[in-house]
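Take a look at the structure below.
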Amino acid sequence: MFLVDTHAHLDDPQFADLAAVLERAHDAGVMQIVCVATDRASSCRVVQIAEGFPGVFAAVGIHPTVCHQAQEKDWERIQELTRSPRVVALGETGLDRYWDEGTIGVQEFFFQRHLELSQQTGLPVVIHMRDCAADIERVLGQAAATGPLRGVMHSYSGDWRLAKRCLEWGLHISFSGMVTYKKNEWLREVARQVPDDRLLVETDAPYLPPEPQRGRRPNEPALLVHTAECLARVRNVSVAELADQTARNARQLFRLPDICPVSNSSSQ
Ligand SMILES: [Zn+2]
């Protein structure tokens, strides 16, 4: 089985022993990981991590909950980093009214910048959405009017109506451990309907551990299989089929090389 974790924060201090984390991921069948940044410093770190491990790739950008602190030179650095061959995406970006309503204007400004840069560079954009479905729909609709969109609605938690709009705009939909939580039957119903060729899986590690690990430990890429199993059950396919399909989708969206071990320990 070959899984791709399309969203993990491997630069989090909880993953200080990264070689061990990646070894466990490899043992669990997670062969490629997109390591997603949250600000300028984190963007530099994820590129470094991706340079050190052949199965890890970087997404660089500024998260909506911290973009009000960003300086112009931070954005310039993000643009420079996109020239690294290890950078496969922009983000994470998006909007978040849960943490801070007051910064929504500057969030939208940065979200648009990421979308424009995505359209210029062809790099897909990683989109975060929390308590702001209407704003997301409006901004994406405006961007889609200026050119094709390429990217992923990460850790999707919206309804099917918005998911359908995002699919029409060409975006992929990614599900995290949230889809495994008992009360989220409605989200499993959304996940059931996403077309095969637009579905992705992710951990969002160290956040959102899937059932049955929820509340017990930090999340990590090795736990992705629980979310894959849940999605396979919901969509009435085998885990192997689900893994194959979503890995193919991830490789296509992020233009990842065909096969490459996530941990470089085997090559040493
Ligand atoms: Zn994230």
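Convention: chains lettered A, B, ... in structure tokens order; per-chain residue numbering from 1; ligands numbered from 1 as shown.
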Report as a tab-separated table the residues of chain A within 7 Å of ligand 1, each with its shortest atom pair and distance in Å (one decimal), using only C-alpha atoms and all ligand atoms, ordered by chain and increasing residue number.
```
residue	atom	partner	partner_atom_place_in_ligand_line	distance
A:His7	CA	ligand 1	1 (Zn)	6.4
A:Ala8	CA	ligand 1	1 (Zn)	6.5
A:His9	CA	ligand 1	1 (Zn)	6.5
A:Val36	CA	ligand 1	1 (Zn)	6.6
A:Glu92	CA	ligand 1	1 (Zn)	6.6
A:Asp204	CA	ligand 1	1 (Zn)	5.1
```
Closest atom pairs, residues of region 100-192 of chain A within 12 Å of region 52-67 of chain A, only C-alpha atoms, as CSV:
```
residue,atom,partner,partner_atom,distance
A:Asp100,CA,A:Thr65,CA,7.1
A:Glu101,CA,A:Thr65,CA,9.8
A:Gly102,CA,A:Thr65,CA,10.5
A:Thr103,CA,A:Thr65,CA,8.1
A:Ile104,CA,A:Pro64,CA,8.3
A:Gly105,CA,A:Pro64,CA,10.3
A:Val106,CA,A:Cys67,CA,7.1
A:Gln107,CA,A:Pro64,CA,5.2
A:Glu108,CA,A:Pro64,CA,8.2
A:Phe109,CA,A:Cys67,CA,9.3
A:Phe110,CA,A:Cys67,CA,7.0
A:Phe111,CA,A:Pro64,CA,7.6
A:Gln112,CA,A:Pro64,CA,11.2
A:Arg113,CA,A:Gly61,CA,10.0
A:His114,CA,A:Gly61,CA,7.5
A:Leu115,CA,A:Gly61,CA,10.9
A:Leu117,CA,A:Gly61,CA,10.5
A:Ser118,CA,A:Gly61,CA,11.0
A:Leu123,CA,A:Ala59,CA,9.3
A:Pro124,CA,A:Ala59,CA,9.1
A:Val125,CA,A:Ala59,CA,8.4
A:Val126,CA,A:Ala59,CA,7.9
A:Ile127,CA,A:His63,CA,9.3
A:His128,CA,A:Pro64,CA,7.9
A:Met129,CA,A:Pro64,CA,9.2
A:Arg130,CA,A:Pro64,CA,10.0
A:Cys132,CA,A:Pro64,CA,11.8
A:Gly151,CA,A:Ala59,CA,11.4
A:Val152,CA,A:Ala59,CA,11.9
```
Store the residues of this selection in a file with N, CA, C and O atoms, as a tab-separated table (two decimals), in the first residue's frame.
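Okay, this is what ended up in result39.tsv:
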```tsv
chain	number	residue	atom	x	y	z
A	100	ASP	N	-9.81	34.78	14.78
A	100	ASP	CA	-9.75	36.24	14.84
A	100	ASP	C	-10.59	36.87	13.74
A	100	ASP	O	-10.19	36.92	12.59
A	101	GLU	N	-11.76	37.36	14.12
A	101	GLU	CA	-12.64	38.06	13.18
A	101	GLU	C	-12.00	39.36	12.70
A	101	GLU	O	-12.20	39.78	11.56
A	102	GLY	N	-11.23	39.99	13.60
A	102	GLY	CA	-10.72	41.35	13.36
A	102	GLY	C	-9.72	41.44	12.24
A	102	GLY	O	-9.52	42.53	11.69
A	103	THR	N	-9.07	40.34	11.89
A	103	THR	CA	-8.02	40.40	10.87
A	103	THR	C	-8.52	39.90	9.52
A	103	THR	O	-7.71	39.66	8.62
A	104	ILE	N	-9.82	39.75	9.36
A	104	ILE	CA	-10.35	39.10	8.15
A	104	ILE	C	-9.96	39.87	6.87
A	104	ILE	O	-9.72	39.26	5.83
A	105	GLY	N	-9.83	41.21	6.98
A	105	GLY	CA	-9.44	42.01	5.81
A	105	GLY	C	-8.04	41.67	5.33
A	105	GLY	O	-7.83	41.42	4.13
A	106	VAL	N	-7.10	41.61	6.26
A	106	VAL	CA	-5.71	41.30	5.87
A	106	VAL	C	-5.60	39.83	5.46
A	106	VAL	O	-4.84	39.47	4.55
A	107	GLN	N	-6.41	38.96	6.07
A	107	GLN	CA	-6.45	37.55	5.66
A	107	GLN	C	-6.84	37.43	4.19
A	107	GLN	O	-6.25	36.68	3.43
A	108	GLU	N	-7.88	38.19	3.84
A	108	GLU	CA	-8.37	38.13	2.46
A	108	GLU	C	-7.32	38.64	1.47
A	108	GLU	O	-7.13	38.07	0.40
A	109	PHE	N	-6.61	39.71	1.89
A	109	PHE	CA	-5.54	40.26	1.06
A	109	PHE	C	-4.47	39.19	0.78
A	109	PHE	O	-4.04	38.99	-0.36
A	110	PHE	N	-4.04	38.48	1.84
A	110	PHE	CA	-3.02	37.45	1.67
A	110	PHE	C	-3.55	36.24	0.90
A	110	PHE	O	-2.83	35.64	0.11
A	111	PHE	N	-4.79	35.89	1.14
A	111	PHE	CA	-5.41	34.77	0.41
A	111	PHE	C	-5.37	35.07	-1.09
A	111	PHE	O	-4.94	34.24	-1.91
A	112	GLN	N	-5.76	36.28	-1.47
A	112	GLN	CA	-5.74	36.66	-2.88
A	112	GLN	C	-4.33	36.62	-3.46
A	112	GLN	O	-4.12	36.20	-4.59
A	113	ARG	N	-3.35	37.06	-2.64
A	113	ARG	CA	-1.96	37.03	-3.10
A	113	ARG	C	-1.51	35.60	-3.41
A	113	ARG	O	-0.84	35.35	-4.41
A	114	HIS	N	-1.86	34.67	-2.50
A	114	HIS	CA	-1.50	33.27	-2.74
A	114	HIS	C	-2.17	32.75	-4.01
A	114	HIS	O	-1.56	32.03	-4.80
A	115	LEU	N	-3.44	33.11	-4.20
A	115	LEU	CA	-4.18	32.64	-5.39
A	115	LEU	C	-3.56	33.20	-6.67
A	115	LEU	O	-3.41	32.48	-7.66
A	117	LEU	N	-0.42	34.20	-7.05
A	117	LEU	CA	0.89	33.56	-7.23
A	117	LEU	C	0.72	32.14	-7.77
A	117	LEU	O	1.51	31.67	-8.59
A	118	SER	N	-0.32	31.47	-7.33
A	118	SER	CA	-0.62	30.12	-7.82
A	118	SER	C	-0.92	30.18	-9.31
A	118	SER	O	-0.44	29.34	-10.09
A	123	LEU	N	1.79	26.55	-9.35
A	123	LEU	CA	1.83	25.75	-8.12
A	123	LEU	C	0.43	25.70	-7.50
A	123	LEU	O	-0.23	26.74	-7.39
A	124	PRO	N	-0.03	24.52	-7.07
A	124	PRO	CA	-1.36	24.45	-6.44
A	124	PRO	C	-1.36	25.14	-5.08
A	124	PRO	O	-0.32	25.30	-4.44
A	125	VAL	N	-2.54	25.58	-4.66
A	125	VAL	CA	-2.66	26.34	-3.43
A	125	VAL	C	-3.39	25.48	-2.39
A	125	VAL	O	-4.33	24.75	-2.71
A	126	VAL	N	-2.92	25.54	-1.13
A	126	VAL	CA	-3.48	24.74	-0.03
A	126	VAL	C	-4.38	25.67	0.80
A	126	VAL	O	-3.89	26.63	1.40
A	127	ILE	N	-5.69	25.37	0.80
A	127	ILE	CA	-6.67	26.32	1.35
A	127	ILE	C	-7.26	25.85	2.67
A	127	ILE	O	-7.82	24.76	2.78
A	128	HIS	N	-7.13	26.74	3.68
A	128	HIS	CA	-7.68	26.52	5.01
A	128	HIS	C	-8.98	27.32	5.14
A	128	HIS	O	-9.04	28.47	4.74
A	129	MET	N	-10.02	26.68	5.69
A	129	MET	CA	-11.31	27.37	5.84
A	129	MET	C	-11.88	27.03	7.20
A	129	MET	O	-12.06	25.86	7.55
A	130	ARG	N	-12.14	28.06	8.01
A	130	ARG	CA	-12.81	27.81	9.30
A	130	ARG	C	-13.81	28.92	9.58
A	130	ARG	O	-13.44	30.08	9.66
A	132	CYS	N	-16.06	30.35	7.78
A	132	CYS	CA	-16.06	31.45	6.80
A	132	CYS	C	-16.40	30.95	5.41
A	132	CYS	O	-15.83	31.42	4.42
A	151	GLY	N	-5.60	23.50	-6.81
A	151	GLY	CA	-5.32	23.45	-5.39
A	151	GLY	C	-6.23	22.51	-4.65
A	151	GLY	O	-6.95	21.71	-5.26
A	152	VAL	N	-6.19	22.62	-3.33
A	152	VAL	CA	-6.92	21.68	-2.48
A	152	VAL	C	-7.59	22.40	-1.32
A	152	VAL	O	-7.01	23.29	-0.71
```
- Task: Using only C-alpha atoms, determine which residues lie at most 9 Å from Cys230 (chain A), disregarding the query and same-chain residues fewer than 2 positions distant; provide the list as a list of chain:residue names.
- Result: A:Val179, A:Thr180, A:Arg188, A:Val225, A:His226, A:Thr227, A:Ala228, A:Ala232, A:Arg233, A:Val234, A:Arg235, A:Val239
Since we have the selection now, will you write its residues out, keeping C-alpha atoms, as an mmCIF file, in the first residue's frame?
```cif
data_model
loop_
_atom_site.group_PDB
_atom_site.id
_atom_site.type_symbol
_atom_site.label_atom_id
_atom_site.label_comp_id
_atom_site.auth_asym_id
_atom_site.auth_seq_id
_atom_site.Cartn_x
_atom_site.Cartn_y
_atom_site.Cartn_z
ATOM 1 C CA VAL A 179 -13.943 12.644 8.981
ATOM 2 C CA THR A 180 -13.428 9.749 11.436
ATOM 3 C CA ARG A 188 -18.676 11.351 5.832
ATOM 4 C CA VAL A 225 -4.195 4.804 7.528
ATOM 5 C CA HIS A 226 -7.092 5.269 10.013
ATOM 6 C CA THR A 227 -8.515 8.109 7.925
ATOM 7 C CA ALA A 228 -7.927 6.136 4.717
ATOM 8 C CA ALA A 232 -12.673 3.450 2.100
ATOM 9 C CA ARG A 233 -15.569 2.187 4.262
ATOM 10 C CA VAL A 234 -17.721 5.220 3.450
ATOM 11 C CA ARG A 235 -17.028 4.944 -0.288
ATOM 12 C CA VAL A 239 -8.263 0.483 1.570
#
```
- Message: Applying 12 Å and only C-alpha atoms, which residues near Ala134 (chain A) remain after dropping the ones on its own chain fewer than 3 positions away? List them as a PyMOL selection string.
- Response: chain A and resi 95-97+129-131+137-141+158-159+161-162+165
- Message: Quick check for you: according to DSSP on this backbone, which residues of region 13-258 of chain A are classed as strand (DSSP E or B)? Reply as a PyMOL selection string.
- Response: chain A and resi 30-36+56-60+87-96+125-130+151-153+172-175+199-201+205
Restricted to C-alpha atoms, what would the selected residues look like written as an mmCIF file, in the first residue's frame?
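Final file, selection.cif:
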```
data_model
loop_
_atom_site.group_PDB
_atom_site.id
_atom_site.type_symbol
_atom_site.label_atom_id
_atom_site.label_comp_id
_atom_site.auth_asym_id
_atom_site.auth_seq_id
_atom_site.Cartn_x
_atom_site.Cartn_y
_atom_site.Cartn_z
ATOM 1 C CA VAL A 30 2.949 6.593 3.908
ATOM 2 C CA MET A 31 5.574 7.060 1.198
ATOM 3 C CA GLN A 32 5.232 10.749 0.359
ATOM 4 C CA ILE A 33 4.312 13.749 2.509
ATOM 5 C CA VAL A 34 3.546 17.373 1.669
ATOM 6 C CA CYS A 35 4.996 19.394 4.533
ATOM 7 C CA VAL A 36 2.994 22.616 4.893
ATOM 8 C CA VAL A 56 8.999 14.961 1.694
ATOM 9 C CA PHE A 57 7.895 17.981 -0.355
ATOM 10 C CA ALA A 58 7.259 21.560 0.753
ATOM 11 C CA ALA A 59 4.340 23.996 0.624
ATOM 12 C CA VAL A 60 5.360 27.587 1.412
ATOM 13 C CA VAL A 87 8.422 23.359 -3.343
ATOM 14 C CA VAL A 88 5.285 21.742 -4.756
ATOM 15 C CA ALA A 89 2.549 24.058 -3.427
ATOM 16 C CA LEU A 90 1.638 27.395 -1.841
ATOM 17 C CA GLY A 91 0.116 27.609 1.629
ATOM 18 C CA GLU A 92 -1.346 27.230 3.770
ATOM 19 C CA THR A 93 -3.567 30.157 3.056
ATOM 20 C CA GLY A 94 -7.308 30.789 3.265
ATOM 21 C CA LEU A 95 -9.599 32.414 5.808
ATOM 22 C CA ASP A 96 -10.387 31.838 9.480
ATOM 23 C CA VAL A 125 -2.659 26.339 -3.431
ATOM 24 C CA VAL A 126 -3.482 24.744 -0.034
ATOM 25 C CA ILE A 127 -6.666 26.321 1.349
ATOM 26 C CA HIS A 128 -7.683 26.518 5.013
ATOM 27 C CA MET A 129 -11.308 27.368 5.844
ATOM 28 C CA ARG A 130 -12.808 27.813 9.296
ATOM 29 C CA GLY A 151 -5.318 23.448 -5.390
ATOM 30 C CA VAL A 152 -6.917 21.676 -2.480
ATOM 31 C CA MET A 153 -9.535 22.447 0.142
ATOM 32 C CA HIS A 172 -9.399 18.877 -4.982
ATOM 33 C CA ILE A 173 -11.007 18.036 -1.612
ATOM 34 C CA SER A 174 -8.873 16.597 1.189
ATOM 35 C CA PHE A 175 -10.138 14.897 4.355
ATOM 36 C CA LEU A 199 -10.195 12.999 -3.412
ATOM 37 C CA LEU A 200 -7.155 13.408 -1.141
ATOM 38 C CA VAL A 201 -6.237 12.315 2.403
ATOM 39 C CA ALA A 205 -0.326 16.413 11.935
#
```
- Task: Could you check how far CA of Asn249 (chain A) sits from CA of His26 (chain A), in Å to one decimal?
- Result: 19.3 Å
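When only C-alpha atoms are used to compute distances to Val4 (chain A), the closest of the residues A:Glu189, A:Glu229, A:Glu202, A:Glu241 turns out to be A:Glu202.
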- Message: Quick one: residues within 7 Å of region 214-222 of chain A, only C-alpha atoms, excluding same-chain residues fewer than 2 positions away - as a ChimeraX atom specification?
- Response: /A:5,24-25,28,30,203,205-212,224
- Coordinates-based distance that separates CA of Met1 (chain A) from CA of Ala240 (chain A) (Å, one decimal): 5.9 Å
- Near Val190 (chain A), counting only C-alpha atoms, which residues have an atom at most 9 Å away, once you skip same-chain residues fewer than 4 positions from it, shown as a ChimeraX atom specification? /A:157-160,163,185-186,194
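Here the question is which of A:Ala191, A:Ala133, A:Val237, A:Pro85 gets nearest to Arg255 (chain A) using only C-alpha atoms, and that residue is A:Pro85.
Each of A:Arg77, A:Arg83, A:Arg251, A:His68 was compared to Phe2 (chain A) using only C-alpha atoms, and A:Arg251 turns out to be the nearest.
The interatomic distance for the pair CA of Gln142 (chain A) and CA of Glu76 (chain A) works out to 23.9 Å.
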